>>> print(open('model.cif').read())   # mmCIF, C-alpha atoms
data_entry
loop_
_atom_site.group_PDB
_atom_site.id
_atom_site.type_symbol
_atom_site.label_atom_id
_atom_site.label_comp_id
_atom_site.auth_asym_id
_atom_site.auth_seq_id
_atom_site.Cartn_x
_atom_site.Cartn_y
_atom_site.Cartn_z
ATOM 1 C CA MET H 1000 21.727 -28.295 89.452
ATOM 2 C CA VAL H 1001 22.319 -30.543 92.454
ATOM 3 C CA GLU H 1002 19.316 -31.802 94.408
ATOM 4 C CA GLY H 1003 18.614 -29.573 97.384
ATOM 5 C CA ILE H 1004 19.885 -26.391 95.705
ATOM 6 C CA PRO H 1005 16.866 -24.461 94.326
ATOM 7 C CA SER H 1006 16.889 -22.743 90.919
ATOM 8 C CA LYS H 1007 14.529 -19.854 91.638
ATOM 9 C CA LEU H 1008 16.617 -16.963 90.331
ATOM 10 C CA ASN H 1009 17.004 -15.589 86.823
ATOM 11 C CA PHE H 1010 20.471 -14.492 85.679
ATOM 12 C CA PRO H 1011 21.766 -12.025 84.648
ATOM 13 C CA LYS H 1012 18.650 -10.024 85.630
ATOM 14 C CA ASP H 1013 18.841 -10.947 89.296
ATOM 15 C CA HIS H 1014 22.351 -9.535 89.666
ATOM 16 C CA TRP H 1015 20.746 -6.086 89.561
ATOM 17 C CA THR H 1016 18.664 -4.078 92.061
ATOM 18 C CA HIS H 1017 15.318 -5.410 93.339
ATOM 19 C CA ASN H 1018 12.254 -3.854 94.897
ATOM 20 C CA THR H 1019 12.907 -5.305 98.349
ATOM 21 C CA GLN H 1020 13.502 -3.793 101.769
ATOM 22 C CA VAL H 1021 17.097 -4.980 102.056
ATOM 23 C CA GLU H 1022 19.752 -5.730 99.458
ATOM 24 C CA TRP H 1023 23.512 -6.094 99.502
ATOM 25 C CA TRP H 1024 26.354 -6.912 97.098
ATOM 26 C CA TYR H 1025 29.612 -8.241 98.528
ATOM 27 C CA PHE H 1026 33.023 -8.879 96.931
ATOM 28 C CA TRP H 1027 36.186 -10.152 98.602
ATOM 29 C CA GLY H 1028 39.430 -11.697 97.427
ATOM 30 C CA LYS H 1029 43.112 -11.189 96.768
ATOM 31 C CA MET H 1030 45.165 -9.215 94.293
ATOM 32 C CA SER H 1031 48.057 -10.750 92.408
ATOM 33 C CA ASP H 1032 50.533 -9.321 94.960
ATOM 34 C CA ASP H 1033 48.617 -11.174 97.753
ATOM 35 C CA ARG H 1034 46.923 -8.067 99.147
ATOM 36 C CA PHE H 1035 43.442 -8.794 100.508
ATOM 37 C CA PHE H 1036 40.491 -6.570 99.564
ATOM 38 C CA HIS H 1037 36.740 -6.446 99.990
ATOM 39 C CA PHE H 1038 33.931 -4.215 98.752
ATOM 40 C CA ALA H 1039 30.357 -4.129 100.070
ATOM 41 C CA SER H 1040 27.348 -2.090 98.999
ATOM 42 C CA PHE H 1041 24.224 -2.135 101.200
ATOM 43 C CA ARG H 1042 20.764 -0.742 100.477
ATOM 44 C CA SER H 1043 17.902 -0.604 102.988
ATOM 45 C CA GLU H 1044 14.335 0.709 102.863
ATOM 46 C CA ILE H 1045 12.845 -0.335 106.194
ATOM 47 C CA LEU H 1046 10.506 2.672 106.178
ATOM 48 C CA LYS H 1047 8.638 3.239 102.916
ATOM 49 C CA GLY H 1048 10.212 6.005 100.888
ATOM 50 C CA ILE H 1049 13.222 6.390 103.200
ATOM 51 C CA GLU H 1050 16.269 4.647 101.780
ATOM 52 C CA THR H 1051 19.713 4.256 103.318
ATOM 53 C CA ARG H 1052 22.786 3.287 101.339
ATOM 54 C CA ALA H 1053 26.173 2.419 102.777
ATOM 55 C CA ILE H 1054 29.396 1.403 101.078
ATOM 56 C CA HIS H 1055 32.447 0.088 102.839
ATOM 57 C CA TYR H 1056 35.597 -1.632 101.667
ATOM 58 C CA SER H 1057 39.081 -2.626 102.737
ATOM 59 C CA LEU H 1058 42.528 -2.908 101.206
ATOM 60 C CA ASP H 1059 45.444 -4.653 102.884
ATOM 61 C CA GLY H 1060 43.823 -4.461 106.333
ATOM 62 C CA LYS H 1061 42.729 -0.804 106.149
ATOM 63 C CA PHE H 1062 38.956 -0.279 106.268
ATOM 64 C CA TYR H 1063 36.935 2.587 104.811
ATOM 65 C CA GLU H 1064 33.227 3.355 105.246
ATOM 66 C CA HIS H 1065 30.830 5.805 103.626
ATOM 67 C CA ILE H 1066 27.145 6.508 104.128
ATOM 68 C CA TYR H 1067 25.926 7.455 100.706
ATOM 69 C CA ASP H 1068 24.815 11.014 100.060
ATOM 70 C CA GLU H 1069 24.539 13.188 96.966
ATOM 71 C CA THR H 1070 27.786 15.053 97.697
ATOM 72 C CA PHE H 1071 29.909 11.896 97.710
ATOM 73 C CA TYR H 1072 30.110 10.358 94.270
ATOM 74 C CA PHE H 1073 30.608 6.613 94.258
ATOM 75 C CA PRO H 1074 30.389 4.558 91.069
ATOM 76 C CA TYR H 1075 27.914 1.713 91.291
ATOM 77 C CA SER H 1076 28.679 -1.945 91.463
ATOM 78 C CA GLY H 1077 26.901 -3.729 88.668
ATOM 79 C CA TYR H 1078 26.737 -6.435 86.046
ATOM 80 C CA THR H 1079 26.995 -5.862 82.313
ATOM 81 C CA TYR H 1080 27.776 -8.336 79.534
ATOM 82 C CA GLN H 1081 29.166 -11.036 81.838
ATOM 83 C CA ARG H 1082 31.278 -8.738 83.998
ATOM 84 C CA PHE H 1083 31.026 -7.107 87.412
ATOM 85 C CA THR H 1084 32.476 -3.662 88.044
ATOM 86 C CA PHE H 1085 33.059 -1.507 91.104
ATOM 87 C CA GLU H 1086 35.298 1.387 92.009
ATOM 88 C CA THR H 1087 36.544 3.084 95.176
ATOM 89 C CA PRO H 1088 38.954 5.993 95.755
ATOM 90 C CA GLN H 1089 41.652 3.373 96.501
ATOM 91 C CA PHE H 1090 41.064 0.764 93.768
ATOM 92 C CA GLY H 1091 38.724 -0.342 91.010
ATOM 93 C CA LEU H 1092 38.133 -3.771 89.468
ATOM 94 C CA ILE H 1093 36.375 -5.464 86.571
ATOM 95 C CA LEU H 1094 35.668 -9.118 87.427
ATOM 96 C CA TYR H 1095 34.517 -12.023 85.240
ATOM 97 C CA PRO H 1096 32.683 -15.075 86.686
ATOM 98 C CA LYS H 1097 34.589 -18.357 86.387
ATOM 99 C CA THR H 1098 31.972 -20.489 88.178
ATOM 100 C CA LYS H 1099 28.193 -20.627 88.046
ATOM 101 C CA PRO H 1100 26.098 -19.001 90.789
ATOM 102 C CA ILE H 1101 25.349 -21.169 93.819
ATOM 103 C CA ILE H 1102 21.769 -20.508 94.948
ATOM 104 C CA HIS H 1103 21.466 -21.092 98.673
ATOM 105 C CA ASN H 1104 18.422 -22.877 100.063
ATOM 106 C CA CYS H 1105 17.090 -20.362 102.606
ATOM 107 C CA THR H 1106 14.150 -21.287 104.813
ATOM 108 C CA SER H 1107 13.292 -17.611 105.385
ATOM 109 C CA LYS H 1108 10.278 -16.677 103.275
ATOM 110 C CA GLY H 1109 11.083 -14.121 100.587
ATOM 111 C CA ARG H 1110 14.840 -14.344 101.032
ATOM 112 C CA ASN H 1111 17.036 -14.742 97.944
ATOM 113 C CA TYR H 1112 20.728 -15.384 98.460
ATOM 114 C CA TYR H 1113 23.412 -16.704 96.113
ATOM 115 C CA SER H 1114 27.198 -16.744 95.663
ATOM 116 C CA ILE H 1115 29.655 -16.824 92.776
ATOM 117 C CA PRO H 1116 32.755 -18.190 94.535
ATOM 118 C CA HIS H 1117 35.298 -17.631 91.770
ATOM 119 C CA LEU H 1118 35.757 -14.505 89.658
ATOM 120 C CA GLU H 1119 38.922 -13.184 88.047
ATOM 121 C CA GLY H 1120 39.723 -9.770 86.639
ATOM 122 C CA GLU H 1121 41.843 -6.675 86.559
ATOM 123 C CA GLY H 1122 41.790 -3.026 87.496
ATOM 124 C CA PHE H 1123 43.844 -0.205 88.979
ATOM 125 C CA LEU H 1124 45.189 1.039 92.300
ATOM 126 C CA TYR H 1125 44.715 4.772 92.830
ATOM 127 C CA PRO H 1126 46.096 7.425 92.732
ATOM 128 C CA ARG H 1127 49.131 5.860 90.995
ATOM 129 C CA ASN H 1128 46.968 4.085 88.384
ATOM 130 C CA GLU H 1129 48.942 0.903 89.024
ATOM 131 C CA LYS H 1130 47.582 -2.070 87.044
ATOM 132 C CA ILE H 1131 46.395 -4.963 89.239
ATOM 133 C CA TYR H 1132 44.953 -8.444 88.764
ATOM 134 C CA ALA H 1133 42.627 -10.134 91.222
ATOM 135 C CA SER H 1134 40.699 -13.268 92.174
ATOM 136 C CA ALA H 1135 37.431 -12.702 94.000
ATOM 137 C CA TRP H 1136 34.241 -14.088 95.556
ATOM 138 C CA PHE H 1137 30.808 -12.492 95.080
ATOM 139 C CA ASP H 1138 27.734 -12.667 97.354
ATOM 140 C CA HIS H 1139 24.332 -11.073 96.712
ATOM 141 C CA GLU H 1140 21.162 -11.096 98.779
ATOM 142 C CA PHE H 1141 17.825 -9.354 98.358
ATOM 143 C CA SER H 1142 14.873 -9.841 100.681
ATOM 144 C CA ASP H 1143 12.297 -8.159 102.830
ATOM 145 C CA PHE H 1144 13.330 -7.423 106.387
ATOM 146 C CA ILE H 1145 14.246 -10.589 108.312
ATOM 147 C CA ASN H 1146 14.232 -10.293 112.092
ATOM 148 C CA VAL H 1147 17.274 -12.230 113.323
ATOM 149 C CA SER H 1148 19.070 -11.770 116.629
ATOM 150 C CA TYR H 1149 22.500 -12.815 115.306
ATOM 151 C CA TRP H 1150 24.355 -14.253 112.368
ATOM 152 C CA ASP H 1151 27.737 -15.776 111.617
ATOM 153 C CA TRP H 1152 28.725 -15.920 107.940
ATOM 154 C CA LEU H 1153 31.817 -17.440 106.290
ATOM 155 C CA GLY H 1154 33.101 -17.568 102.738
ATOM 156 C CA ILE H 1155 36.035 -19.969 102.355
ATOM 157 C CA LYS H 1156 38.409 -20.735 99.473
ATOM 158 C CA LEU H 1157 40.517 -23.848 99.959
ATOM 159 C CA ASP H 1158 43.725 -24.346 97.982
ATOM 160 C CA ALA H 1159 42.387 -27.703 96.757
ATOM 161 C CA GLY H 1160 39.746 -25.881 94.671
ATOM 162 C CA VAL H 1161 36.901 -26.234 97.169
ATOM 163 C CA TYR H 1162 34.598 -23.290 97.951
ATOM 164 C CA VAL H 1163 32.440 -23.230 101.077
ATOM 165 C CA THR H 1164 29.597 -20.920 102.131
ATOM 166 C CA VAL H 1165 28.485 -21.100 105.761
ATOM 167 C CA TYR H 1166 25.659 -19.051 107.261
ATOM 168 C CA LYS H 1167 24.341 -19.618 110.769
ATOM 169 C CA SER H 1168 21.560 -17.665 112.483
ATOM 170 C CA ASP H 1169 18.416 -18.209 114.504
ATOM 171 C CA VAL H 1170 16.492 -18.371 111.192
ATOM 172 C CA ASP H 1171 18.730 -20.095 108.596
ATOM 173 C CA ASN H 1172 21.580 -22.605 108.745
ATOM 174 C CA ILE H 1173 23.357 -23.017 105.401
ATOM 175 C CA CYS H 1174 26.489 -24.886 104.369
ATOM 176 C CA ASP H 1175 27.080 -25.310 100.630
ATOM 177 C CA VAL H 1176 30.287 -26.910 99.351
ATOM 178 C CA SER H 1177 31.318 -26.384 95.716
ATOM 179 C CA ILE H 1178 33.833 -28.751 94.092
ATOM 180 C CA GLY H 1179 34.285 -28.212 90.366
ATOM 181 C CA ASN H 1180 30.826 -28.054 88.797
ATOM 182 C CA ASN H 1181 29.148 -29.869 91.697
ATOM 183 C CA THR H 1182 27.573 -28.255 94.761
ATOM 184 C CA ILE H 1183 26.394 -30.179 97.796
ATOM 185 C CA SER H 1184 24.673 -29.038 100.970
ATOM 186 C CA SER H 1185 26.185 -30.268 104.201
ATOM 187 C CA ASP H 1186 25.658 -30.494 107.919
ATOM 188 C CA PHE H 1187 28.251 -28.528 109.853
ATOM 189 C CA ILE H 1188 29.389 -27.490 113.312
ATOM 190 C CA LEU H 1189 30.651 -23.936 113.781
ATOM 191 C CA GLU H 1190 32.030 -23.062 117.186
ATOM 192 C CA ASP H 1191 34.085 -19.883 117.530
ATOM 193 C CA LYS H 1192 37.302 -20.631 115.590
ATOM 194 C CA HIS H 1193 36.514 -24.221 114.639
ATOM 195 C CA LEU H 1194 34.439 -25.492 111.702
ATOM 196 C CA TYR H 1195 33.564 -29.107 110.915
ATOM 197 C CA ILE H 1196 32.036 -29.869 107.496
ATOM 198 C CA GLN H 1197 30.455 -33.306 107.324
ATOM 199 C CA ALA H 1198 30.259 -33.562 103.508
ATOM 200 C CA ILE H 1199 34.039 -33.524 103.130
ATOM 201 C CA SER H 1200 34.861 -34.828 106.639
ATOM 202 C CA ALA H 1201 36.980 -31.730 107.284
ATOM 203 C CA MET H 1202 37.833 -30.115 110.601
ATOM 204 C CA ILE H 1203 39.469 -26.733 110.010
ATOM 205 C CA ASN H 1204 40.574 -23.805 112.153
ATOM 206 C CA LEU H 1205 39.699 -20.172 111.429
ATOM 207 C CA GLU H 1206 42.605 -17.856 112.224
ATOM 208 C CA PRO H 1207 42.104 -14.049 112.027
ATOM 209 C CA GLU H 1208 44.470 -12.047 109.854
ATOM 210 C CA GLN H 1209 43.875 -8.737 111.652
ATOM 211 C CA ASP H 1210 41.931 -7.201 114.499
ATOM 212 C CA GLU H 1211 38.164 -7.485 114.192
ATOM 213 C CA MET H 1212 36.643 -4.438 112.479
ATOM 214 C CA ILE H 1213 33.334 -3.407 114.081
ATOM 215 C CA PHE H 1214 30.739 -1.418 112.120
ATOM 216 C CA LYS H 1215 27.618 0.328 113.431
ATOM 217 C CA PRO H 1216 25.665 1.251 110.315
ATOM 218 C CA LYS H 1217 22.423 3.190 110.260
ATOM 219 C CA PHE H 1218 20.481 -0.020 109.678
ATOM 220 C CA GLY H 1219 20.239 -0.468 113.450
ATOM 221 C CA PHE H 1220 22.689 -3.296 114.157
ATOM 222 C CA LYS H 1221 26.359 -3.785 114.951
ATOM 223 C CA TYR H 1222 28.474 -6.257 113.019
ATOM 224 C CA SER H 1223 32.085 -7.128 112.276
ATOM 225 C CA GLU H 1224 34.192 -8.163 109.311
ATOM 226 C CA LEU H 1225 37.397 -10.124 109.400
ATOM 227 C CA GLN H 1226 39.860 -11.673 106.960
ATOM 228 C CA ILE H 1227 40.709 -15.228 108.011
ATOM 229 C CA ASP H 1228 43.231 -17.939 107.183
ATOM 230 C CA ILE H 1229 42.081 -21.569 106.993
ATOM 231 C CA ILE H 1230 44.320 -23.966 108.932
ATOM 232 C CA GLY H 1231 44.204 -27.743 108.570
ATOM 233 C CA LYS H 1232 46.643 -30.229 110.105
ATOM 234 C CA GLY H 1233 48.878 -27.401 111.244
ATOM 235 C CA LYS H 1234 49.320 -25.596 107.919
ATOM 236 C CA LYS H 1235 47.509 -22.953 105.903
ATOM 237 C CA ILE H 1236 45.170 -24.529 103.346
ATOM 238 C CA GLY H 1237 43.124 -21.519 102.225
ATOM 239 C CA TYR H 1238 41.664 -18.164 103.185
ATOM 240 C CA GLY H 1239 38.325 -16.455 103.541
ATOM 241 C CA MET H 1240 36.094 -13.713 104.905
ATOM 242 C CA ARG H 1241 33.959 -13.754 108.045
ATOM 243 C CA GLU H 1242 31.080 -11.478 109.010
ATOM 244 C CA ARG H 1243 29.189 -11.624 112.292
ATOM 245 C CA MET H 1244 26.321 -9.612 113.758
ATOM 246 C CA TYR H 1245 26.184 -8.963 117.461
ATOM 247 C CA ARG H 1246 23.182 -10.162 119.419
ATOM 248 C CA ARG H 1247 20.895 -7.241 120.060
ATOM 249 C CA ASP H 1248 20.564 -7.941 123.779
ATOM 250 C CA LYS H 1249 24.286 -8.479 124.470
ATOM 251 C CA ASN H 1250 27.731 -7.089 123.783
ATOM 252 C CA ALA H 1251 28.939 -10.431 122.456
ATOM 253 C CA PHE H 1252 27.980 -12.818 119.677
#
>>> encode(input="model.cif", output="structure tokens")
Amino acid sequence: MVEGIPSKLNFPKDHWTHNTQVEWWYFWGKMSDDRFFHFASFRSEILKGIETRAIHYSLDGKFYEHIYDETFYFPYSGYTYQRFTFETPQFGLILYPKTKPIIHNCTSKGRNYYSIPHLEGEGFLYPRNEKIYASAWFDHEFSDFINVSYWDWLGIKLDAGVYVTVYKSDVDNICDVSIGNNTISSDFILEDKHLYIQAISAMINLEPEQDEMIFKPKFGFKYSELQIDIIGKGKKIGYGMRERMYRRDKNAF
């Protein structure tokens, strides 16, 4: 483990559900035919005994959202014998980790956040039961409620085999760069569509692939999700996912 990256989690146990106020599991990636997908499962228990669950996902630019209730059956996302599984009415996947988890060094007390930037697997598109193959990224966080006024999160896969996690808020600022089996933390500058990463001396542009999708879940905040292309020196050098939460006192980030 690289200096600066804490080893405070226990796998595979910590892939599962925890007794915390907030928890989410997040997958995104591409299928073998280049279609982009993502799947997110959120759990919140801000008030004791009152739990809210929400699941949303996208396929090829079309977004779907469900607030969990007993009448809508949705298979869980989980981890069993070195594989992750999840299923939606549009597609289902079984994914196998190809890299070790990157544990992010959060300054927020009680916050646990890690990524597995490279998974590969297979599944089916429904209702045709068409066989598909996919490459994916996995994020998981579990913590007690953290009062932040905004966040800007990026997961980036570069064609050169470099994986980058960026998280910026009024509480935490994280930039972890994974190259092969090595992970380094880095200073960074994130301004709208431009990202500079000091550790690899890279200035890249973030170009949206579709219109920004805004969600207003029952957790009490408004946020967006967006597929992005990574542009460097005038050409596409990778792709990624971006999620931002609106400031609570404004209509803009």
>>> closest_residue(input="model.cif", among="H:Ala1198, H:Ile1145, H:Ile1188, H:Ile1178", to="Thr1106 (chain H)", atoms="only C-alpha atoms")
H:Ile1145
>>> atom_distance(input="model.cif", atom1="CA of His1117 (chain H)", atom2="CA of Val1163 (chain H)")
11.2 Å
>>> resolve_selection(input="model.cif", expression="the PyMOL selection byres ((chain H and resi 1141) around 8)", output="VMD selection string")
chain H and resid 1017 1019 to 1023 1110 to 1112 1139 to 1140 1142 to 1143
>>> write_last_selection(input="model.cif", atoms="C-alpha atoms", output="PDB file, keeping the file's coordinate frame")
ATOM      1  CA  HIS H1017      15.318  -5.410  93.339  1.00  0.00           C
ATOM      2  CA  THR H1019      12.907  -5.305  98.349  1.00  0.00           C
ATOM      3  CA  GLN H1020      13.502  -3.793 101.769  1.00  0.00           C
ATOM      4  CA  VAL H1021      17.097  -4.980 102.056  1.00  0.00           C
ATOM      5  CA  GLU H1022      19.752  -5.730  99.458  1.00  0.00           C
ATOM      6  CA  TRP H1023      23.512  -6.094  99.502  1.00  0.00           C
ATOM      7  CA  ARG H1110      14.840 -14.344 101.032  1.00  0.00           C
ATOM      8  CA  ASN H1111      17.036 -14.742  97.944  1.00  0.00           C
ATOM      9  CA  TYR H1112      20.728 -15.384  98.460  1.00  0.00           C
ATOM     10  CA  HIS H1139      24.332 -11.073  96.712  1.00  0.00           C
ATOM     11  CA  GLU H1140      21.162 -11.096  98.779  1.00  0.00           C
ATOM     12  CA  SER H1142      14.873  -9.841 100.681  1.00  0.00           C
ATOM     13  CA  ASP H1143      12.297  -8.159 102.830  1.00  0.00           C
TER      14      ASP H1143
END
>>> resolve_selection(input="model.cif", expression="the PyMOL selection byres ((chain H and resi 1087-1103) around 7)", output="CSV table (one decimal) with C-alpha atoms, keeping the file's coordinate frame")
chain,number,residue,atom,x,y,z
H,1004,ILE,CA,19.9,-26.4,95.7
H,1005,PRO,CA,16.9,-24.5,94.3
H,1006,SER,CA,16.9,-22.7,90.9
H,1073,PHE,CA,30.6,6.6,94.3
H,1081,GLN,CA,29.2,-11.0,81.8
H,1082,ARG,CA,31.3,-8.7,84.0
H,1083,PHE,CA,31.0,-7.1,87.4
H,1084,THR,CA,32.5,-3.7,88.0
H,1085,PHE,CA,33.1,-1.5,91.1
H,1086,GLU,CA,35.3,1.4,92.0
H,1104,ASN,CA,18.4,-22.9,100.1
H,1105,CYS,CA,17.1,-20.4,102.6
H,1112,TYR,CA,20.7,-15.4,98.5
H,1113,TYR,CA,23.4,-16.7,96.1
H,1114,SER,CA,27.2,-16.7,95.7
H,1115,ILE,CA,29.7,-16.8,92.8
H,1116,PRO,CA,32.8,-18.2,94.5
H,1117,HIS,CA,35.3,-17.6,91.8
H,1118,LEU,CA,35.8,-14.5,89.7
H,1119,GLU,CA,38.9,-13.2,88.0
H,1120,GLY,CA,39.7,-9.8,86.6
H,1121,GLU,CA,41.8,-6.7,86.6
H,1122,GLY,CA,41.8,-3.0,87.5
H,1123,PHE,CA,43.8,-0.2,89.0
H,1124,LEU,CA,45.2,1.0,92.3
H,1125,TYR,CA,44.7,4.8,92.8
>>> atom_distance(input="model.cif", atom1="CA of Gly1160 (chain H)", atom2="CA of Ser1107 (chain H)")
29.7 Å
>>> resolve_selection(input="model.cif", expression="the PyMOL selection byres ((chain H and resi 1060) around 10)", output="compact mmCIF listing (two decimals) with C-alpha atoms, in the coordinates of the input")
# COMPACT_ATOMS: atom_id res chain seq x y z
CA ARG H 1034 46.92 -8.07 99.15
CA PHE H 1035 43.44 -8.79 100.51
CA PHE H 1036 40.49 -6.57 99.56
CA HIS H 1037 36.74 -6.45 99.99
CA TYR H 1056 35.60 -1.63 101.67
CA SER H 1057 39.08 -2.63 102.74
CA LEU H 1058 42.53 -2.91 101.21
CA ASP H 1059 45.44 -4.65 102.88
CA LYS H 1061 42.73 -0.80 106.15
CA PHE H 1062 38.96 -0.28 106.27
CA TYR H 1063 36.94 2.59 104.81
CA GLU H 1208 44.47 -12.05 109.85
CA GLN H 1209 43.88 -8.74 111.65
CA ASP H 1210 41.93 -7.20 114.50
CA MET H 1212 36.64 -4.44 112.48
CA LEU H 1225 37.40 -10.12 109.40
CA GLN H 1226 39.86 -11.67 106.96
>>> atom_distance(input="model.cif", atom1="CA of Tyr1238 (chain H)", atom2="CA of Tyr1132 (chain H)")
17.7 Å
>>> closest_residue(input="model.cif", among="H:Met1202, H:Val1161, H:Met1244, H:Ile1229", to="Tyr1149 (chain H)", atoms="all atoms listed in the file")
H:Met1244
>>> axis_aligned_box(input="model.cif", around="region 1117-1134 of chain H", padding_each_side="5 Å", output="AutoDock Vina command-line options")
--center_x 42.2 --center_y -5.1 --center_z 89.7 --size_x 23.8 --size_y 35.1 --size_z 16.3
>>> decode(input="model.cif", residues="region 1112-1123 of chain H", atoms="C-alpha atoms", output="short mmCIF file (atom, residue, chain, number, x, y, z; two decimals), in the first residue's frame")
data_model
loop_
_atom_site.label_atom_id
_atom_site.label_comp_id
_atom_site.auth_asym_id
_atom_site.auth_seq_id
_atom_site.Cartn_x
_atom_site.Cartn_y
_atom_site.Cartn_z
CA TYR H 1112 -14.76 5.51 0.75
CA TYR H 1113 -12.95 3.30 -1.75
CA SER H 1114 -12.88 2.46 -5.47
CA ILE H 1115 -12.12 -0.56 -7.63
CA PRO H 1116 -11.33 1.14 -10.95
CA HIS H 1117 -11.22 -1.94 -13.18
CA LEU H 1118 -13.71 -4.81 -13.27
CA GLU H 1119 -14.64 -7.04 -16.19
CA GLY H 1120 -17.60 -9.34 -16.67
CA GLU H 1121 -20.62 -10.43 -18.61
CA GLY H 1122 -24.39 -10.44 -18.47
CA PHE H 1123 -27.54 -9.95 -20.52
#
